[in-house]
$ cat target.txt   # compact mmCIF, C-alpha atoms
# COMPACT_ATOMS: atom_id res chain seq x y z
CA MET H 4 89.75 112.90 127.85
CA LYS H 5 90.61 115.43 125.16
CA ASN H 6 88.18 117.98 126.62
CA ILE H 7 89.62 117.35 130.09
CA GLU H 8 93.16 118.01 128.87
CA SER H 9 92.10 121.45 127.71
CA ARG H 10 90.82 122.33 131.21
CA TYR H 11 93.39 120.69 133.48
CA LYS H 12 97.16 120.86 133.50
CA ARG H 13 99.15 117.67 133.55
CA GLU H 14 102.35 117.22 135.51
CA ASN H 15 104.36 114.01 135.98
CA ASN H 16 101.53 111.78 134.71
CA SER H 17 98.98 113.39 137.11
CA TYR H 18 96.27 115.87 136.30
CA LEU H 19 96.21 118.91 138.57
CA ILE H 20 93.13 120.08 140.42
CA GLU H 21 94.14 123.67 141.12
CA ILE H 22 92.70 126.11 143.64
CA LYS H 23 93.94 129.69 143.97
CA LEU H 24 93.28 131.39 147.28
CA LYS H 25 93.91 134.91 148.54
CA ASP H 26 93.68 133.72 152.13
CA ILE H 27 93.75 130.34 153.88
CA ARG H 28 90.35 131.05 155.42
CA GLN H 29 88.72 130.83 151.97
CA LEU H 30 89.29 127.08 152.08
CA PHE H 31 87.47 126.50 155.35
CA ASN H 32 83.95 126.97 156.67
CA THR H 33 84.19 130.17 158.71
CA PHE H 34 81.26 129.17 160.95
CA ASP H 35 83.07 126.05 162.16
CA PRO H 36 84.79 126.83 165.50
CA ALA H 37 87.04 123.73 165.37
CA PRO H 38 90.81 124.06 164.98
CA PHE H 39 92.01 124.10 161.35
CA ARG H 40 92.98 120.40 161.29
CA GLU H 41 89.38 119.42 162.11
CA LYS H 42 87.57 122.22 160.28
CA ASP H 43 84.96 121.66 157.59
CA ILE H 44 86.01 122.59 154.10
CA ASP H 45 84.07 125.53 152.65
CA ASP H 46 81.07 124.31 150.63
CA ASP H 47 82.25 125.99 147.44
CA ALA H 48 85.76 124.56 147.80
CA GLU H 49 84.39 121.07 148.46
CA GLU H 50 82.01 121.31 145.53
CA TYR H 51 84.82 122.42 143.20
CA ILE H 52 87.18 119.63 144.32
CA VAL H 53 84.50 116.92 144.11
CA ALA H 54 83.19 118.15 140.74
CA SER H 55 86.72 118.26 139.33
CA VAL H 56 87.59 114.76 140.51
CA ARG H 57 84.28 113.45 139.11
CA GLU H 58 85.30 114.51 135.63
CA PHE H 59 88.07 111.90 135.53
CA PRO H 60 87.87 108.11 135.40
CA HIS H 61 88.43 106.66 138.88
CA ASP H 62 91.91 105.29 138.11
CA THR H 63 93.29 108.60 136.74
CA PRO H 64 96.16 109.94 138.87
CA LEU H 65 95.29 113.36 140.28
CA LYS H 66 97.02 115.92 142.47
CA LEU H 67 95.43 118.79 144.37
CA VAL H 68 97.48 121.98 144.07
CA ILE H 69 96.61 124.92 146.29
CA TYR H 70 98.05 128.33 145.44
CA LEU H 71 98.41 130.75 148.35
CA PRO H 72 100.16 134.05 148.99
CA GLU H 73 103.77 133.67 150.13
CA SER H 74 102.80 135.21 153.49
CA SER H 75 100.75 132.07 154.27
CA ARG H 76 103.63 129.62 153.77
CA GLU H 77 104.34 128.71 157.41
CA GLU H 78 100.72 128.40 158.40
CA ALA H 79 99.66 126.47 155.28
CA ILE H 80 102.38 123.83 155.30
CA ARG H 81 101.55 122.87 158.86
CA PHE H 82 97.89 122.01 158.54
CA ILE H 83 96.20 122.37 155.13
CA PRO H 84 97.12 118.95 153.64
CA ASP H 85 96.11 117.16 156.87
CA ALA H 86 92.91 119.21 157.18
CA ILE H 87 91.84 118.35 153.63
CA ARG H 88 92.66 114.66 154.07
CA ASN H 89 90.86 114.56 157.43
CA TYR H 90 87.79 116.22 156.01
CA PHE H 91 87.45 113.92 153.00
CA ASN H 92 88.28 110.88 155.12
CA TYR H 93 85.44 111.96 157.41
CA ARG H 94 83.13 112.27 154.37
CA PHE H 95 84.28 108.79 153.22
CA ASN H 96 83.45 107.28 156.62
CA THR H 97 80.10 109.10 156.76
CA SER H 98 79.07 107.87 153.32
CA ASN H 99 80.05 104.30 154.26
CA LYS H 100 77.86 104.54 157.36
CA GLU H 101 75.02 105.86 155.22
CA LEU H 102 75.50 102.95 152.79
CA ARG H 103 75.39 100.39 155.62
CA PHE H 104 72.28 102.08 157.00
CA ILE H 105 70.42 102.10 153.68
CA LEU H 106 71.33 98.46 152.97
CA ARG H 107 70.14 97.45 156.46
CA ARG H 108 66.91 99.37 155.86
CA GLY H 109 66.63 97.59 152.50
CA ARG H 110 66.94 94.17 154.13
CA ILE H 111 64.31 95.04 156.74
CA SER H 112 62.03 96.50 154.06
CA LEU H 113 62.51 93.38 151.95
CA LEU H 114 61.57 91.12 154.84
CA ILE H 115 58.47 93.21 155.62
CA GLY H 116 57.55 93.40 151.92
CA ILE H 117 57.85 89.64 151.40
CA LEU H 118 55.79 88.90 154.52
CA PHE H 119 53.13 91.40 153.44
CA LEU H 120 53.07 90.05 149.87
CA PHE H 121 52.76 86.49 151.20
CA SER H 122 49.92 87.61 153.50
CA CYS H 123 48.10 89.39 150.67
CA ILE H 124 48.36 86.36 148.38
CA SER H 125 47.23 84.03 151.18
CA ILE H 126 44.26 86.23 152.08
CA GLY H 127 43.39 86.45 148.37
CA GLU H 128 43.36 82.66 148.13
CA VAL H 129 41.07 82.42 151.17
CA ILE H 130 38.72 85.05 149.72
CA ASP H 131 38.74 83.19 146.37
CA ARG H 132 36.97 80.28 148.07
CA PHE H 133 33.89 82.48 148.61
CA GLY H 134 33.06 82.43 144.93
CA ASP H 135 33.81 83.88 141.53
CA GLY H 136 31.94 87.16 141.78
CA MET H 137 33.30 90.42 140.53
CA LEU H 138 33.64 91.81 144.08
CA VAL H 139 35.73 88.81 145.11
CA GLN H 140 37.98 89.26 142.06
CA ILE H 141 38.38 93.01 142.77
CA ILE H 142 39.36 92.33 146.37
CA LYS H 143 41.74 89.53 145.36
CA GLU H 144 43.43 91.69 142.67
CA GLY H 145 43.56 94.65 145.09
CA LEU H 146 45.36 92.50 147.66
CA LEU H 147 47.81 91.23 145.04
CA ILE H 148 48.57 94.77 143.84
CA SER H 149 48.96 95.97 147.45
CA GLY H 150 51.41 93.14 148.13
CA TRP H 151 53.55 94.08 145.11
CA VAL H 152 53.39 97.78 146.01
CA ALA H 153 54.86 96.84 149.40
CA MET H 154 57.87 95.45 147.51
CA TRP H 155 58.50 98.79 145.77
CA ARG H 156 60.75 100.28 148.47
CA PRO H 157 63.15 97.33 148.88
CA ILE H 158 63.41 97.01 145.11
CA GLN H 159 64.20 100.73 144.84
CA ILE H 160 66.88 100.47 147.51
CA PHE H 161 68.60 97.45 145.99
CA LEU H 162 68.35 98.61 142.37
CA TYR H 163 68.88 102.36 142.61
CA ASP H 164 69.54 103.94 146.02
CA TRP H 165 72.78 102.28 147.12
CA TRP H 166 75.07 102.78 144.14
CA PRO H 167 75.22 106.63 144.14
CA ILE H 168 76.24 106.49 147.80
CA ARG H 169 78.89 103.88 147.00
CA TYR H 170 80.16 106.04 144.13
CA MET H 171 80.51 109.09 146.39
CA SER H 172 82.23 106.99 149.01
CA LYS H 173 84.86 105.90 146.47
CA LEU H 174 85.23 109.50 145.32
CA TYR H 175 85.80 110.78 148.88
CA ASP H 176 88.30 108.00 149.49
CA LYS H 177 90.21 108.96 146.35
CA ILE H 178 90.27 112.62 147.35
CA SER H 179 91.42 111.80 150.89
CA LYS H 180 94.40 109.89 149.48
CA MET H 181 95.25 112.33 146.69
CA PRO H 182 98.64 114.05 146.87
CA ILE H 183 98.30 117.66 147.98
CA GLU H 184 100.86 120.29 147.14
CA MET H 185 101.07 123.87 148.34
CA ARG H 186 102.43 126.46 145.93
CA TYR H 187 102.95 130.12 146.65
CA LEU H 188 102.24 133.19 144.54
$ encode --input "target.txt" --output "structure tokens"
Amino acid sequence: MKNIESRYKRENNSYLIEIKLKDIRQLFNTFDPAPFREKDIDDDAEEYIVASVREFPHDTPLKLVIYLPESSREEAIRFIPDAIRNYFNYRFNTSNKELRFILRRGRISLLIGILFLFSCISIGEVIDRFGDGMLVQIIKEGLLISGWVAMWRPIQIFLYDWWPIRYMSKLYDKISKMPIEMRYL
């Protein structure tokens, strides 16, 4: 945390994630035709916010502070906090859907893998009855290896693929609930 304290200001027990803008439009994706409350956040702004929040332990209190020119006061107060919350809440919901999808795919893959492994072992046992020759052993071992290879994808999903998505989901949720303050230059 010592390195973090040198890069981030602290105010009332919260660390500040600060963004300085010359214009409100810098915060939003200019190709998105939606009204400001539903607009996508600019990729660079999103990347900065997410990367900054990632540097802190999940339970660290954070506040997003956006600095804008005084001329943007009326426009900014009306929609920027809601737009940022809406966007990261959308990202939270999207990552949760992705997590449900990958876990469902994992369950289906597991079922298919187990059935295939069972079939390979069963066929290997039937082939084993034809003798002890080297060809029989090669086929039997090949079937066993093929059955275990079929288990690779479900094992990958349940051991490795789901937790980064879950982590990002928690991160988006935290950002969507973070206090947002507008300050003017």
$ atom_distance --input "target.txt" --atom1 "atom CA of Pro157 of chain H" --atom2 "atom CA of Ile115 of chain H"
9.2 Å
$ residues_around --input "target.txt" --residues "Gly116 of chain H" --least-positions-apart "2" --cutoff "8 Å" --atoms "only C-alpha atoms" --output "number ranges by chain"
H: 112-114, 118-120, 150-151, 153-154, 157
$ residues_around --input "target.txt" --residues "Pro182 of chain H" --least-positions-apart "3" --cutoff "9 Å" --atoms "all atoms listed in the file" --output "CSV table (one decimal) with C-alpha atoms, in the coordinates of the input"
chain,number,residue,atom,x,y,z
H,65,LEU,CA,95.3,113.4,140.3
H,66,LYS,CA,97.0,115.9,142.5
H,67,LEU,CA,95.4,118.8,144.4
H,68,VAL,CA,97.5,122.0,144.1
H,84,PRO,CA,97.1,119.0,153.6
H,178,ILE,CA,90.3,112.6,147.4
H,179,SER,CA,91.4,111.8,150.9
$ atom_distance --input "target.txt" --atom1 "atom CA of Pro60 of chain H" --atom2 "atom CA of Asn92 of chain H"
19.9 Å
$ closest_residue --input "target.txt" --among "H:Ser74, H:Lys100, H:Ile87, H:Leu30" --to "Asp46 of chain H" --atoms "all atoms listed in the file"
H:Leu30
$ closest_residue --input "target.txt" --among "H:Thr63, H:Ala54, H:Tyr187, H:Arg81" --to "Ser17 of chain H" --atoms "all atoms listed in the file"
H:Thr63
$ atom_distance --input "target.txt" --atom1 "atom CA of Met171 of chain H" --atom2 "atom CA of Lys25 of chain H"
29.2 Å
$ closest_residue --input "target.txt" --among "H:Arg110, H:Ile52, H:Ile69, H:Asp176" --to "Gln159 of chain H" --atoms "all atoms listed in the file"
H:Arg110
$ residues_around --input "target.txt" --residues "Phe161 of chain H" --least-positions-apart "5" --cutoff "12 Å" --atoms "all atoms listed in the file" --output "JSON, numbers by chain"
{"H": [102, 105, 106, 107, 108, 109, 110, 111, 112, 113, 154, 155, 156, 166, 167, 168]}
$ closest_residue --input "target.txt" --among "H:Ile141, H:Leu24, H:Ala48, H:Val56" --to "Ser75 of chain H" --atoms "only C-alpha atoms"
H:Leu24
$ closest_residue --input "target.txt" --among "H:Tyr70, H:Tyr90, H:Phe59, H:Phe95" --to "Tyr11 of chain H" --atoms "all atoms listed in the file"
H:Phe59
$ build_atoms --input "target.txt" --residues "segment 82-100 of chain H" --atoms "N, CA and C atoms" --output "PDB file, in the frame of the given file"
ATOM      1  N   PHE H  82      99.174 122.665 158.311  1.00  0.00           N
ATOM      2  CA  PHE H  82      97.890 122.010 158.540  1.00  0.00           C
ATOM      3  C   PHE H  82      96.997 121.783 157.320  1.00  0.00           C
ATOM      4  N   ILE H  83      97.165 122.497 156.241  1.00  0.00           N
ATOM      5  CA  ILE H  83      96.200 122.370 155.130  1.00  0.00           C
ATOM      6  C   ILE H  83      96.140 120.952 154.555  1.00  0.00           C
ATOM      7  N   PRO H  84      97.252 120.319 154.190  1.00  0.00           N
ATOM      8  CA  PRO H  84      97.120 118.950 153.640  1.00  0.00           C
ATOM      9  C   PRO H  84      96.406 117.986 154.602  1.00  0.00           C
ATOM     10  N   ASP H  85      96.764 118.043 155.893  1.00  0.00           N
ATOM     11  CA  ASP H  85      96.110 117.160 156.870  1.00  0.00           C
ATOM     12  C   ASP H  85      94.632 117.505 157.023  1.00  0.00           C
ATOM     13  N   ALA H  86      94.311 118.797 157.027  1.00  0.00           N
ATOM     14  CA  ALA H  86      92.910 119.210 157.180  1.00  0.00           C
ATOM     15  C   ALA H  86      92.065 118.709 156.011  1.00  0.00           C
ATOM     16  N   ILE H  87      92.582 118.821 154.804  1.00  0.00           N
ATOM     17  CA  ILE H  87      91.840 118.350 153.630  1.00  0.00           C
ATOM     18  C   ILE H  87      91.681 116.845 153.671  1.00  0.00           C
ATOM     19  N   ARG H  88      92.747 116.129 153.981  1.00  0.00           N
ATOM     20  CA  ARG H  88      92.660 114.660 154.070  1.00  0.00           C
ATOM     21  C   ARG H  88      91.681 114.235 155.164  1.00  0.00           C
ATOM     22  N   ASN H  89      91.767 114.888 156.331  1.00  0.00           N
ATOM     23  CA  ASN H  89      90.860 114.560 157.430  1.00  0.00           C
ATOM     24  C   ASN H  89      89.408 114.784 157.042  1.00  0.00           C
ATOM     25  N   TYR H  90      89.155 115.895 156.389  1.00  0.00           N
ATOM     26  CA  TYR H  90      87.790 116.220 156.010  1.00  0.00           C
ATOM     27  C   TYR H  90      87.224 115.193 155.034  1.00  0.00           C
ATOM     28  N   PHE H  91      87.973 114.873 153.989  1.00  0.00           N
ATOM     29  CA  PHE H  91      87.450 113.920 153.000  1.00  0.00           C
ATOM     30  C   PHE H  91      87.456 112.492 153.530  1.00  0.00           C
ATOM     31  N   ASN H  92      88.336 112.182 154.462  1.00  0.00           N
ATOM     32  CA  ASN H  92      88.280 110.880 155.120  1.00  0.00           C
ATOM     33  C   ASN H  92      87.020 110.793 155.986  1.00  0.00           C
ATOM     34  N   TYR H  93      86.684 111.901 156.642  1.00  0.00           N
ATOM     35  CA  TYR H  93      85.440 111.960 157.410  1.00  0.00           C
ATOM     36  C   TYR H  93      84.238 111.757 156.490  1.00  0.00           C
ATOM     37  N   ARG H  94      84.220 112.420 155.331  1.00  0.00           N
ATOM     38  CA  ARG H  94      83.130 112.270 154.370  1.00  0.00           C
ATOM     39  C   ARG H  94      83.052 110.826 153.856  1.00  0.00           C
ATOM     40  N   PHE H  95      84.220 110.192 153.635  1.00  0.00           N
ATOM     41  CA  PHE H  95      84.280 108.790 153.220  1.00  0.00           C
ATOM     42  C   PHE H  95      83.624 107.898 154.281  1.00  0.00           C
ATOM     43  N   ASN H  96      84.010 108.091 155.540  1.00  0.00           N
ATOM     44  CA  ASN H  96      83.450 107.280 156.620  1.00  0.00           C
ATOM     45  C   ASN H  96      81.943 107.524 156.783  1.00  0.00           C
ATOM     46  N   THR H  97      81.520 108.773 156.644  1.00  0.00           N
ATOM     47  CA  THR H  97      80.100 109.100 156.760  1.00  0.00           C
ATOM     48  C   THR H  97      79.297 108.442 155.649  1.00  0.00           C
ATOM     49  N   SER H  98      79.810 108.486 154.421  1.00  0.00           N
ATOM     50  CA  SER H  98      79.070 107.870 153.320  1.00  0.00           C
ATOM     51  C   SER H  98      79.032 106.348 153.458  1.00  0.00           C
ATOM     52  N   ASN H  99      80.081 105.744 154.002  1.00  0.00           N
ATOM     53  CA  ASN H  99      80.050 104.300 154.260  1.00  0.00           C
ATOM     54  C   ASN H  99      79.011 103.944 155.307  1.00  0.00           C
ATOM     55  N   LYS H 100      78.894 104.778 156.344  1.00  0.00           N
ATOM     56  CA  LYS H 100      77.860 104.540 157.360  1.00  0.00           C
ATOM     57  C   LYS H 100      76.472 104.674 156.742  1.00  0.00           C
TER      58      LYS H 100
END
